[in-house]
file coords.cif (mmCIF, N, CA and C atoms)
data_final
loop_
_atom_site.label_atom_id
_atom_site.label_comp_id
_atom_site.auth_asym_id
_atom_site.auth_seq_id
_atom_site.Cartn_x
_atom_site.Cartn_y
_atom_site.Cartn_z
N MET A 1 123.35 -74.78 6.91
CA MET A 1 123.78 -73.43 6.63
C MET A 1 124.13 -73.33 5.14
N PRO A 2 123.63 -72.33 4.45
CA PRO A 2 123.93 -72.18 3.02
C PRO A 2 125.42 -71.96 2.77
N GLY A 3 125.81 -72.22 1.54
CA GLY A 3 127.19 -71.99 1.15
C GLY A 3 127.52 -70.50 1.13
N ALA A 4 128.76 -70.20 0.94
CA ALA A 4 129.21 -68.81 0.90
C ALA A 4 128.65 -68.11 -0.34
N PRO A 5 128.45 -66.80 -0.25
CA PRO A 5 127.99 -66.06 -1.44
C PRO A 5 128.96 -66.29 -2.61
N PHE A 6 128.42 -66.32 -3.80
CA PHE A 6 129.23 -66.60 -4.98
C PHE A 6 128.80 -65.68 -6.10
N THR A 7 129.75 -65.05 -6.73
CA THR A 7 129.49 -64.22 -7.90
C THR A 7 129.89 -65.00 -9.14
N ILE A 8 128.97 -65.16 -10.07
CA ILE A 8 129.31 -65.81 -11.34
C ILE A 8 130.07 -64.78 -12.17
N ARG A 9 131.30 -65.11 -12.51
CA ARG A 9 132.15 -64.20 -13.27
C ARG A 9 132.04 -64.52 -14.76
N ALA A 10 132.45 -63.57 -15.58
CA ALA A 10 132.46 -63.80 -17.03
C ALA A 10 133.33 -65.01 -17.37
N GLU A 11 134.40 -65.20 -16.61
CA GLU A 11 135.29 -66.35 -16.83
C GLU A 11 134.57 -67.67 -16.54
N ASP A 12 133.68 -67.65 -15.56
CA ASP A 12 132.89 -68.85 -15.24
C ASP A 12 131.97 -69.19 -16.40
N VAL A 13 131.35 -68.17 -16.98
CA VAL A 13 130.45 -68.39 -18.11
C VAL A 13 131.23 -68.94 -19.30
N THR A 14 132.41 -68.38 -19.56
CA THR A 14 133.25 -68.87 -20.66
C THR A 14 133.67 -70.32 -20.43
N ALA A 15 134.07 -70.64 -19.20
CA ALA A 15 134.47 -72.01 -18.88
C ALA A 15 133.29 -72.97 -19.02
N PHE A 16 132.12 -72.54 -18.57
CA PHE A 16 130.92 -73.38 -18.70
C PHE A 16 130.59 -73.60 -20.17
N ALA A 17 130.69 -72.55 -20.98
CA ALA A 17 130.43 -72.67 -22.41
C ALA A 17 131.40 -73.66 -23.06
N SER A 18 132.66 -73.60 -22.66
CA SER A 18 133.66 -74.52 -23.22
C SER A 18 133.39 -75.96 -22.77
N ALA A 19 133.03 -76.12 -21.50
CA ALA A 19 132.81 -77.47 -20.96
C ALA A 19 131.57 -78.13 -21.54
N THR A 20 130.54 -77.33 -21.83
CA THR A 20 129.28 -77.90 -22.30
C THR A 20 129.10 -77.82 -23.81
N GLY A 21 129.90 -77.00 -24.47
CA GLY A 21 129.74 -76.80 -25.90
C GLY A 21 128.65 -75.81 -26.25
N ASP A 22 128.03 -75.22 -25.22
CA ASP A 22 126.97 -74.22 -25.44
C ASP A 22 127.60 -72.85 -25.56
N ARG A 23 127.97 -72.49 -26.77
CA ARG A 23 128.62 -71.20 -27.03
C ARG A 23 127.63 -70.21 -27.65
N ASN A 24 126.41 -70.25 -27.20
CA ASN A 24 125.40 -69.31 -27.69
C ASN A 24 125.94 -67.90 -27.48
N PRO A 25 125.90 -67.06 -28.52
CA PRO A 25 126.47 -65.71 -28.38
C PRO A 25 125.81 -64.87 -27.30
N LEU A 26 124.61 -65.21 -26.89
CA LEU A 26 123.94 -64.49 -25.80
C LEU A 26 124.75 -64.59 -24.50
N HIS A 27 125.51 -65.67 -24.38
CA HIS A 27 126.30 -65.89 -23.17
C HIS A 27 127.75 -65.43 -23.29
N VAL A 28 128.30 -65.49 -24.49
CA VAL A 28 129.76 -65.29 -24.62
C VAL A 28 130.20 -64.14 -25.53
N ASP A 29 129.27 -63.47 -26.18
CA ASP A 29 129.63 -62.41 -27.11
C ASP A 29 128.98 -61.08 -26.70
N PRO A 30 129.74 -60.19 -26.04
CA PRO A 30 129.17 -58.91 -25.57
C PRO A 30 128.56 -58.07 -26.69
N ASP A 31 129.18 -58.07 -27.86
CA ASP A 31 128.65 -57.28 -28.97
C ASP A 31 127.27 -57.80 -29.39
N TYR A 32 127.15 -59.10 -29.50
CA TYR A 32 125.86 -59.71 -29.85
C TYR A 32 124.83 -59.43 -28.75
N ALA A 33 125.22 -59.65 -27.50
CA ALA A 33 124.29 -59.51 -26.38
C ALA A 33 123.75 -58.09 -26.23
N ARG A 34 124.55 -57.09 -26.62
CA ARG A 34 124.09 -55.70 -26.55
C ARG A 34 122.83 -55.48 -27.40
N GLY A 35 122.68 -56.25 -28.45
CA GLY A 35 121.52 -56.12 -29.32
C GLY A 35 120.31 -56.94 -28.88
N THR A 36 120.39 -57.56 -27.74
CA THR A 36 119.27 -58.35 -27.22
C THR A 36 118.53 -57.56 -26.15
N PRO A 37 117.36 -58.01 -25.75
CA PRO A 37 116.64 -57.32 -24.67
C PRO A 37 117.42 -57.26 -23.35
N PHE A 38 118.39 -58.15 -23.16
CA PHE A 38 119.18 -58.15 -21.93
C PHE A 38 120.25 -57.07 -21.93
N GLY A 39 120.72 -56.68 -23.11
CA GLY A 39 121.69 -55.60 -23.22
C GLY A 39 123.13 -55.98 -22.91
N ARG A 40 123.35 -57.15 -22.41
CA ARG A 40 124.70 -57.65 -22.10
C ARG A 40 124.62 -59.16 -21.92
N PRO A 41 125.75 -59.85 -21.91
CA PRO A 41 125.71 -61.30 -21.76
C PRO A 41 125.04 -61.74 -20.46
N ILE A 42 124.38 -62.88 -20.53
CA ILE A 42 123.80 -63.48 -19.33
C ILE A 42 124.41 -64.86 -19.12
N ALA A 43 124.39 -65.31 -17.88
CA ALA A 43 124.89 -66.64 -17.56
C ALA A 43 123.92 -67.69 -18.08
N HIS A 44 124.43 -68.86 -18.38
CA HIS A 44 123.59 -69.98 -18.76
C HIS A 44 122.67 -70.31 -17.59
N GLY A 45 121.44 -70.66 -17.88
CA GLY A 45 120.50 -71.04 -16.82
C GLY A 45 121.01 -72.22 -16.03
N ALA A 46 121.59 -73.21 -16.72
CA ALA A 46 122.10 -74.39 -16.02
C ALA A 46 123.24 -74.02 -15.07
N LEU A 47 124.07 -73.09 -15.45
CA LEU A 47 125.16 -72.65 -14.57
C LEU A 47 124.58 -71.98 -13.32
N ALA A 48 123.59 -71.12 -13.51
CA ALA A 48 122.97 -70.45 -12.37
C ALA A 48 122.32 -71.45 -11.42
N VAL A 49 121.67 -72.47 -11.99
CA VAL A 49 121.04 -73.50 -11.15
C VAL A 49 122.09 -74.27 -10.37
N LEU A 50 123.19 -74.63 -11.01
CA LEU A 50 124.25 -75.36 -10.32
C LEU A 50 124.82 -74.56 -9.16
N VAL A 51 125.04 -73.27 -9.38
CA VAL A 51 125.55 -72.42 -8.30
C VAL A 51 124.52 -72.32 -7.18
N ALA A 52 123.25 -72.18 -7.55
CA ALA A 52 122.20 -72.10 -6.53
C ALA A 52 122.11 -73.39 -5.72
N LEU A 53 122.20 -74.53 -6.40
CA LEU A 53 122.16 -75.81 -5.70
C LEU A 53 123.33 -75.96 -4.74
N ALA A 54 124.49 -75.51 -5.16
CA ALA A 54 125.68 -75.61 -4.30
C ALA A 54 125.53 -74.76 -3.05
N ALA A 55 124.73 -73.71 -3.12
CA ALA A 55 124.55 -72.81 -1.97
C ALA A 55 123.52 -73.34 -0.98
N LEU A 56 122.73 -74.33 -1.38
CA LEU A 56 121.69 -74.84 -0.50
C LEU A 56 122.26 -75.88 0.47
N PRO A 57 121.67 -75.97 1.64
CA PRO A 57 122.06 -77.05 2.56
C PRO A 57 121.72 -78.39 1.90
N ALA A 58 122.46 -79.43 2.23
CA ALA A 58 122.27 -80.75 1.61
C ALA A 58 120.84 -81.24 1.73
N ARG A 59 120.18 -81.00 2.84
CA ARG A 59 118.81 -81.51 3.00
C ARG A 59 117.82 -80.83 2.05
N ARG A 60 118.13 -79.63 1.59
CA ARG A 60 117.20 -78.93 0.70
C ARG A 60 117.42 -79.28 -0.77
N THR A 61 118.55 -79.89 -1.11
CA THR A 61 118.82 -80.20 -2.52
C THR A 61 117.95 -81.34 -3.02
N ARG A 62 117.21 -81.97 -2.15
CA ARG A 62 116.33 -83.05 -2.58
C ARG A 62 115.02 -82.52 -3.17
N ARG A 63 114.79 -81.22 -3.05
CA ARG A 63 113.57 -80.65 -3.63
C ARG A 63 113.62 -80.80 -5.14
N PRO A 64 112.49 -80.95 -5.77
CA PRO A 64 112.50 -81.07 -7.23
C PRO A 64 113.19 -79.86 -7.88
N LEU A 65 114.04 -80.15 -8.82
CA LEU A 65 114.80 -79.11 -9.50
C LEU A 65 113.88 -78.09 -10.16
N ALA A 66 112.77 -78.52 -10.71
CA ALA A 66 111.85 -77.61 -11.39
C ALA A 66 111.34 -76.53 -10.44
N ARG A 67 111.13 -76.86 -9.19
CA ARG A 67 110.65 -75.87 -8.23
C ARG A 67 111.72 -74.82 -7.98
N LEU A 68 112.99 -75.24 -7.97
CA LEU A 68 114.07 -74.29 -7.76
C LEU A 68 114.21 -73.37 -8.97
N VAL A 69 114.17 -73.93 -10.16
CA VAL A 69 114.32 -73.15 -11.38
C VAL A 69 113.21 -72.12 -11.50
N ALA A 70 112.02 -72.46 -11.08
CA ALA A 70 110.88 -71.55 -11.18
C ALA A 70 111.08 -70.30 -10.33
N ARG A 71 112.04 -70.30 -9.43
CA ARG A 71 112.27 -69.15 -8.57
C ARG A 71 113.14 -68.07 -9.22
N PHE A 72 113.75 -68.35 -10.36
CA PHE A 72 114.55 -67.34 -11.03
C PHE A 72 113.62 -66.33 -11.68
N ALA A 73 113.69 -65.10 -11.22
CA ALA A 73 112.79 -64.07 -11.72
C ALA A 73 113.48 -63.09 -12.66
N ALA A 74 114.79 -63.22 -12.80
CA ALA A 74 115.54 -62.29 -13.65
C ALA A 74 116.78 -62.99 -14.17
N PRO A 75 117.34 -62.49 -15.27
CA PRO A 75 118.58 -63.09 -15.77
C PRO A 75 119.72 -62.91 -14.78
N VAL A 76 120.68 -63.80 -14.88
CA VAL A 76 121.88 -63.70 -14.05
C VAL A 76 122.99 -63.10 -14.92
N TYR A 77 123.42 -61.92 -14.53
CA TYR A 77 124.46 -61.23 -15.28
C TYR A 77 125.83 -61.53 -14.64
N PRO A 78 126.81 -61.95 -15.44
CA PRO A 78 128.14 -62.18 -14.89
C PRO A 78 128.71 -60.92 -14.23
N ASP A 79 129.47 -61.14 -13.19
CA ASP A 79 130.19 -60.07 -12.47
C ASP A 79 129.25 -59.11 -11.75
N GLN A 80 128.03 -59.55 -11.48
CA GLN A 80 127.07 -58.72 -10.73
C GLN A 80 126.85 -59.36 -9.37
N GLU A 81 127.04 -58.61 -8.33
CA GLU A 81 126.85 -59.16 -6.98
C GLU A 81 125.41 -59.02 -6.55
#
call {"tool": "encode", "arguments": {"input": "coords.cif", "output": "structure tokens"}}
result
Amino acid sequence: MPGAPFTIRAEDVTAFASATGDRNPLHVDPDYARGTPFGRPIAHGALAVLVALAALPARRTRRPLARLVARFAAPVYPDQE
């Protein structure tokens, strides 16, 4: 059974940026992100993959990570359900 639904919050993105050192303004600076094609900050791809992996049943996490990543068809916006 998959894990519970999870919303990536802006605070999660900030914490991930601090933990990894990836403070790209696309993820953490709303003013900067407004000037990008996304129009607002997006979550780090690695953070989205980690959340997706946590939601999968244990038997499915053995699939190659590249196949899972290829399924992302749109950016992940913080605080969007």
call {"tool": "closest_residue", "arguments": {"input": "coords.cif", "among": "A:His27, A:Pro37, A:Ala55, A:Ala73", "to": "Glu11 in chain A", "atoms": "only C-alpha atoms"}}
result
A:His27
call {"tool": "atom_distance", "arguments": {"input": "coords.cif", "atom1": "CA of Pro5 in chain A", "atom2": "atom N of Thr36 in chain A"}}
result
28.7 Å
call {"tool": "atom_distance", "arguments": {"input": "coords.cif", "atom1": "CA of Gly39 in chain A", "atom2": "CA of Ala54 in chain A"}}
result
27.8 Å
call {"tool": "atom_distance", "arguments": {"input": "coords.cif", "atom1": "atom N of Ala19 in chain A", "atom2": "atom N of Ala46 in chain A"}}
result
12.7 Å
call {"tool": "axis_aligned_box", "arguments": {"input": "coords.cif", "around": "range 17-24 of chain A", "padding_each_side": "6 Å", "output": "lines of an AutoDock Vina configuration file"}}
result
center_x = 129.5
center_y = -73.0
center_z = -24.3
size_x = 20.3
size_y = 22.2
size_z = 18.7
call {"tool": "residues_around", "arguments": {"input": "coords.cif", "residues": "range 29-33 of chain A", "least_positions_apart": "2", "cutoff": "12 Å", "atoms": "only C-alpha atoms", "output": "VMD selection string"}}
result
chain A and resid 10 13 to 14 17 23 to 27 35 to 43 77 to 78
call {"tool": "resolve_selection", "arguments": {"input": "coords.cif", "expression": "the PyMOL selection byres ((chain A and resi 7) around 6)", "output": "number ranges by chain"}}
result
A: 5-6, 8-9, 79-81
